[in-house]
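Pasted below: input30.cif, mmCIF, C-alpha atoms.
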data_start
loop_
_atom_site.label_atom_id
_atom_site.label_comp_id
_atom_site.auth_asym_id
_atom_site.auth_seq_id
_atom_site.Cartn_x
_atom_site.Cartn_y
_atom_site.Cartn_z
CA MET A 232 70.16 94.37 99.98
CA SER A 233 70.23 95.23 96.28
CA GLU A 234 70.83 92.37 93.88
CA ALA A 235 73.42 94.57 92.20
CA GLN A 236 75.57 94.71 95.31
CA ALA A 237 78.97 93.15 94.71
CA ARG A 238 80.16 90.14 96.65
CA VAL A 239 83.59 88.75 97.48
CA GLY A 240 83.14 86.19 94.72
CA ASP A 241 82.67 89.04 92.23
CA LEU A 242 85.95 90.57 93.38
CA ALA A 243 87.72 87.25 92.87
CA ALA A 244 86.14 86.93 89.42
CA ALA A 245 87.25 90.43 88.47
CA MET A 246 90.80 89.61 89.48
CA GLU A 247 90.63 86.39 87.50
CA ALA A 248 89.58 88.37 84.42
CA ILE A 249 92.52 90.78 84.86
CA ALA A 250 95.15 88.20 85.89
CA PRO A 251 94.03 84.64 85.08
CA SER A 252 95.25 82.17 87.68
CA ARG A 253 96.52 79.85 84.92
CA TYR A 254 99.32 82.37 84.34
CA ALA A 255 100.68 81.93 87.88
CA GLU A 256 103.85 79.99 88.63
CA SER A 257 103.25 76.40 89.77
CA TRP A 258 104.64 77.14 93.26
CA ASP A 259 102.43 80.18 93.74
CA ASN A 260 99.14 80.55 95.61
CA VAL A 261 96.74 82.97 93.96
CA GLY A 262 93.03 83.80 93.98
CA LEU A 263 90.63 84.04 96.91
CA LEU A 264 92.75 82.89 99.87
CA VAL A 265 90.57 83.98 102.80
CA GLY A 266 86.88 84.76 102.96
CA ASP A 267 83.31 83.91 102.01
CA PRO A 268 82.57 84.36 98.28
CA GLY A 269 78.96 85.16 99.14
CA ARG A 270 79.67 88.03 101.50
CA PRO A 271 78.79 91.54 100.26
CA VAL A 272 81.70 93.89 99.59
CA SER A 273 81.59 97.65 99.16
CA ARG A 274 85.12 98.75 100.12
CA VAL A 275 88.46 97.12 99.20
CA LEU A 276 91.98 98.04 100.28
CA LEU A 277 94.91 97.34 97.92
CA CYS A 278 98.43 96.58 99.14
CA ILE A 279 101.53 94.55 98.36
CA ASP A 280 101.72 92.81 101.76
CA CYS A 281 98.81 92.27 104.13
CA THR A 282 100.77 92.93 107.31
CA GLU A 283 99.30 93.52 110.76
CA GLN A 284 99.47 97.26 110.09
CA VAL A 285 97.62 96.94 106.79
CA LEU A 286 94.99 94.70 108.38
CA GLU A 287 94.39 97.29 111.10
CA GLU A 288 94.07 99.92 108.39
CA ALA A 289 91.56 97.79 106.46
CA VAL A 290 89.43 97.26 109.55
CA GLY A 291 89.66 100.93 110.46
CA ARG A 292 88.49 101.94 106.99
CA GLY A 293 85.64 99.45 107.02
CA ALA A 294 87.02 97.36 104.15
CA GLU A 295 85.41 93.96 103.76
CA ALA A 296 88.26 92.74 101.55
CA VAL A 297 91.93 93.27 100.80
CA VAL A 298 93.66 92.76 97.48
CA ALA A 299 97.18 91.80 98.56
CA TYR A 300 99.60 91.28 95.70
CA HIS A 301 101.67 88.83 97.77
CA PRO A 302 99.70 85.82 99.03
CA VAL A 303 98.86 86.10 102.72
CA ILE A 304 98.94 82.28 102.77
CA PHE A 305 101.80 80.92 100.68
CA GLN A 306 102.02 77.27 101.73
CA GLY A 307 99.69 74.90 103.54
CA LEU A 308 99.06 76.07 107.10
CA LYS A 309 99.73 73.57 109.88
CA ARG A 310 98.41 75.88 112.58
CA LEU A 311 95.91 78.73 112.65
CA VAL A 312 96.37 80.45 115.99
CA ALA A 313 94.92 83.55 117.60
CA GLY A 314 96.85 86.71 116.83
CA SER A 315 98.21 85.66 113.44
CA VAL A 316 97.16 87.68 110.40
CA PRO A 317 95.18 84.80 108.79
CA TRP A 318 93.36 84.23 112.11
CA ARG A 319 92.53 87.91 112.47
CA LEU A 320 91.31 88.07 108.87
CA VAL A 321 88.92 85.22 109.48
CA GLN A 322 87.78 86.59 112.84
CA GLY A 323 87.23 90.03 111.35
CA GLY A 324 85.45 88.75 108.28
CA VAL A 325 87.98 90.37 105.93
CA ALA A 326 88.52 88.53 102.65
CA VAL A 327 91.86 88.45 100.81
CA VAL A 328 92.45 88.03 97.09
CA SER A 329 96.03 87.71 95.82
CA PRO A 330 97.17 87.78 92.16
CA HIS A 331 101.01 87.67 92.54
CA THR A 332 102.76 86.00 89.59
CA ALA A 333 99.54 85.83 87.58
CA LEU A 334 99.54 89.64 87.54
CA ASP A 335 103.25 89.66 86.66
CA VAL A 336 102.51 87.72 83.47
CA ALA A 337 99.20 89.34 82.52
CA ASP A 338 98.91 92.16 80.00
CA GLY A 339 98.94 95.50 81.78
CA GLY A 340 100.17 93.86 84.97
CA THR A 341 103.15 94.36 87.24
CA ASN A 342 105.85 94.04 84.59
CA ASP A 343 104.05 96.09 81.98
CA VAL A 344 103.69 98.93 84.50
CA LEU A 345 107.47 98.86 85.02
CA ALA A 346 108.01 98.66 81.27
CA ASP A 347 105.81 101.73 80.79
CA ALA A 348 107.90 103.59 83.37
CA LEU A 349 111.00 103.17 81.22
CA GLY A 350 109.19 103.72 77.94
CA LEU A 351 109.71 100.25 76.49
CA LEU A 352 108.27 100.28 72.98
CA SER A 353 107.76 96.82 71.44
CA ARG A 354 108.14 94.42 74.36
CA THR A 355 108.28 90.69 74.94
CA PRO A 356 108.66 88.51 78.08
CA LEU A 357 112.18 87.85 79.33
CA ARG A 358 111.18 84.29 80.19
CA VAL A 359 108.20 82.56 78.65
CA THR A 360 106.27 80.63 81.31
CA VAL A 361 102.98 80.09 79.44
CA PRO A 362 104.23 78.66 76.10
CA SER A 363 100.74 78.19 74.65
CA GLU A 364 100.22 81.97 74.74
CA GLY A 365 103.79 83.23 74.57
CA ARG A 366 103.41 84.95 77.93
CA GLY A 367 105.88 85.11 80.76
CA LEU A 368 107.90 86.97 83.36
CA GLY A 369 109.73 90.25 82.92
CA ARG A 370 109.70 92.47 79.85
CA VAL A 371 112.39 93.52 77.37
CA GLY A 372 112.17 95.92 74.47
CA GLY A 373 113.63 98.83 72.58
CA ILE A 374 113.60 102.37 73.94
CA ARG A 375 114.42 105.75 72.48
CA SER A 376 118.15 106.24 72.87
CA THR A 377 118.79 107.73 76.29
CA THR A 378 121.49 107.78 78.93
CA ARG A 379 121.74 105.35 81.81
CA GLU A 380 121.53 108.28 84.21
CA SER A 381 118.23 109.37 82.64
CA LEU A 382 116.84 105.85 82.98
CA LEU A 383 117.80 105.79 86.66
CA GLN A 384 116.00 109.08 87.17
CA MET A 385 112.94 107.81 85.29
CA ALA A 386 112.86 104.72 87.49
CA GLN A 387 113.08 106.79 90.68
CA ARG A 388 110.22 109.03 89.59
CA ALA A 389 108.01 106.13 88.53
CA LEU A 390 108.62 104.20 91.75
CA GLY A 391 108.40 107.23 94.01
CA ILE A 392 111.75 106.54 95.67
CA HIS A 393 114.92 108.56 96.11
CA ARG A 394 117.56 105.81 96.07
CA LEU A 395 118.39 102.79 93.92
CA LEU A 396 121.05 100.11 94.33
CA VAL A 397 123.01 100.24 91.08
CA ALA A 398 125.60 97.86 89.61
CA GLY A 399 127.40 98.18 86.32
CA PRO A 400 128.18 101.18 84.14
CA LEU A 401 126.67 104.57 85.00
CA GLU A 402 127.43 106.32 81.72
CA GLY A 403 126.61 105.71 78.08
CA GLU A 404 123.56 105.51 75.84
CA VAL A 405 121.03 102.68 75.99
CA THR A 406 118.62 101.63 73.23
CA ARG A 407 117.27 98.45 74.77
CA ALA A 408 116.10 97.85 78.36
CA ALA A 409 114.47 95.20 80.50
CA VAL A 410 112.40 95.03 83.68
CA GLY A 411 111.53 92.31 86.16
CA ALA A 412 109.38 93.13 89.18
CA GLY A 413 110.23 91.65 92.57
CA ALA A 414 112.87 88.95 92.98
CA CYS A 415 113.80 88.71 89.31
CA GLY A 416 117.57 88.69 89.63
CA ASP A 417 117.49 85.14 88.29
CA LEU A 418 116.36 86.50 84.92
CA LEU A 419 119.80 88.04 84.40
CA ASN A 420 120.91 85.46 81.85
CA GLU A 421 117.88 86.30 79.74
CA VAL A 422 118.60 90.01 80.15
CA ILE A 423 122.18 89.58 78.89
CA ALA A 424 121.07 87.34 76.03
CA SER A 425 118.45 89.90 74.99
CA GLY A 426 121.04 92.60 74.44
CA ALA A 427 119.48 94.95 77.00
CA GLY A 428 121.90 97.47 78.46
CA PHE A 429 119.73 98.40 81.45
CA TYR A 430 117.72 96.23 83.84
CA LEU A 431 115.28 97.49 86.46
CA THR A 432 114.29 94.94 89.11
CA GLY A 433 113.58 94.56 92.81
CA GLU A 434 116.59 92.61 94.06
CA MET A 435 119.59 90.65 92.82
CA ARG A 436 122.23 88.42 94.40
CA HIS A 437 125.78 89.69 94.85
CA HIS A 438 127.39 87.39 92.28
CA ASP A 439 124.71 88.11 89.71
CA ALA A 440 125.34 91.84 90.17
CA LEU A 441 129.03 91.20 89.45
CA LYS A 442 128.07 89.19 86.37
CA ALA A 443 125.82 91.98 85.12
CA ALA A 444 128.54 94.58 85.57
CA ALA A 445 131.05 92.39 83.73
CA ALA A 446 128.58 92.07 80.85
CA GLY A 447 128.14 95.85 80.66
CA VAL A 448 124.56 95.78 81.92
CA THR A 449 123.43 98.48 84.32
CA VAL A 450 121.24 96.91 87.03
CA ALA A 451 118.99 99.09 89.17
CA CYS A 452 117.50 97.39 92.23
CA ALA A 453 114.64 99.25 93.88
CA LEU A 454 114.07 96.76 96.76
CA HIS A 455 111.58 93.96 96.30
CA SER A 456 108.16 95.47 96.91
CA ASN A 457 109.15 98.95 95.72
CA SER A 458 109.36 97.50 92.23
CA GLU A 459 105.86 96.03 92.54
CA ARG A 460 103.91 98.80 94.29
CA PRO A 461 103.44 101.01 91.17
CA THR A 462 101.07 98.38 89.80
CA LEU A 463 98.51 99.05 92.54
CA PRO A 464 96.99 102.31 91.19
CA ARG A 465 96.63 100.74 87.74
CA LEU A 466 95.10 97.62 89.25
CA ALA A 467 92.63 99.70 91.28
CA GLU A 468 91.47 101.43 88.10
CA ARG A 469 90.92 98.13 86.33
CA LEU A 470 89.03 96.66 89.27
CA ARG A 471 86.79 99.76 89.40
CA ALA A 472 85.91 99.18 85.77
CA HIS A 473 84.72 95.66 86.64
CA LEU A 474 83.00 96.63 89.92
CA PRO A 475 81.91 100.29 89.70
CA ARG A 476 79.82 100.06 92.89
CA VAL A 477 82.85 99.06 94.97
CA HIS A 478 85.20 101.66 96.47
CA PHE A 479 88.86 100.71 95.89
CA GLU A 480 91.63 102.55 97.74
CA LEU A 481 95.36 102.12 98.27
CA SER A 482 96.86 101.32 101.66
CA VAL A 483 98.92 104.09 103.22
CA ARG A 484 100.59 101.70 105.68
CA ASP A 485 101.91 99.25 103.12
CA ARG A 486 105.65 99.69 102.57
CA ASP A 487 108.82 97.74 101.89
CA PRO A 488 110.32 96.25 105.10
CA PHE A 489 113.67 97.81 104.21
CA SER A 490 114.35 101.53 104.34
CA VAL A 491 117.32 103.63 103.24
CA TRP A 492 119.20 105.58 105.89
#

Hey, can you dump this file as structure tokens for me?
Amino acid sequence: MSEAQARVGDLAAAMEAIAPSRYAESWDNVGLLVGDPGRPVSRVLLCIDCTEQVLEEAVGRGAEAVVAYHPVIFQGLKRLVAGSVPWRLVQGGVAVVSPHTALDVADGGTNDVLADALGLLSRTPLRVTVPSEGRGLGRVGGIRSTTRESLLQMAQRALGIHRLLVAGPLEGEVTRAAVGAGACGDLLNEVIASGAGFYLTGEMRHHDALKAAAAGVTVACALHSNSERPTLPRLAERLRAHLPRVHFELSVRDRDPFSVW
């Protein structure tokens, strides 16, 4: 085996360089969650959720590791039983690295990808969670004046979806917009305070949608993981730059649990 061959620990280190674990929320669980840091790795599958279907795909493709945006182990396990995904990962020797909220906060991460989709110019976090560095969740910034309808179409194209759940006004020009990947409906107060007229996120509670509409903010909900999945191609490129000998590919079986009829 060549000394230059990458190992699982190198994959975890590359992810740490891209999305430092210190950026993650205190309740989160990020980093190498399953696997042997010393095991060689030559093929990695990227996904949002490491479901049974994605695990089968990883094994079928010969991947020694999975980069799953959502942690496959969120809280302390009380049981590890045959048939569960964590059990099958261990049995199959497939490692899992998860960045989650660390990637949301990091430069070029989940929220910056969404911000790029809407053409946010100068951007800042909606909520600062790392005060020492001025980093945080969501993004808000100015955009070239455009219609709300155009922004909805831009979001659909960027996310590769045909439907959005929309609350609030559908007409009028917008010069300031915000994004928050995943379950960022609770950033609505910051969105309103920022003066943004358009907010792209994954999901939002009913009463918050009413509040947004009353404030004149157009909210576009893409479904939770649909708002996060566009970060995967960008993340794969960045990981390739760190580990050029490793083959990174996107899962084709990873999808949001909800579908639109």

Could you list, as a ChimeraX atom specification, every residue matched by the PyMOL selection byres ((chain A and resi 396) around 7) in this structure? /A:394-395,397-398,451-453

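Here the question is which of A:Cys278, A:Leu264, A:Ala427, A:Val316 gets nearest to Ala446 (chain A) using only C-alpha atoms, and that residue is A:Ala427.
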
At most 12 Å is the cut-off: for each residue in region 241-325 of chain A with any atom that close to an atom of region 359-369 of chain A, write down the nearest atom pair and the distance in Å rounded to one decimal, counting all atoms listed in the file, chain first then increasing number, as a Markdown table.
| residue | atom | partner | partner_atom | distance |
| --- | --- | --- | --- | --- |
| A:Ala250 | CA | A:Arg366 | CA | 11.9 |
| A:Pro251 | CA | A:Val361 | CA | 11.5 |
| A:Ser252 | CA | A:Val361 | CA | 11.5 |
| A:Arg253 | CA | A:Val361 | CA | 8.5 |
| A:Tyr254 | CA | A:Val361 | CA | 6.5 |
| A:Ala255 | CA | A:Thr360 | CA | 8.7 |
| A:Glu256 | CA | A:Thr360 | CA | 7.7 |
| A:Ser257 | CA | A:Thr360 | CA | 9.9 |

Any idea what the distance is between CA of Gly314 (chain A) and CA of Asp487 (chain A)? 22.1 Å

Skipping near chain neighbours, those fewer than 2 positions away, what residues fall within 12 Å of Val327 (chain A) using all atoms listed in the file, listed as a ChimeraX atom specification? /A:239-240,242-243,246,260-268,272,275-282,285-286,289,294-304,316-317,319-321,323-325,329-330

Just the residues within 12 Å of Ala472 (chain A), please, counting only C-alpha atoms, with nothing from its chain fewer than 4 positions along; format it as a PyMOL selection string. chain A and resi 242+245-246+248-249+465-468+476-479
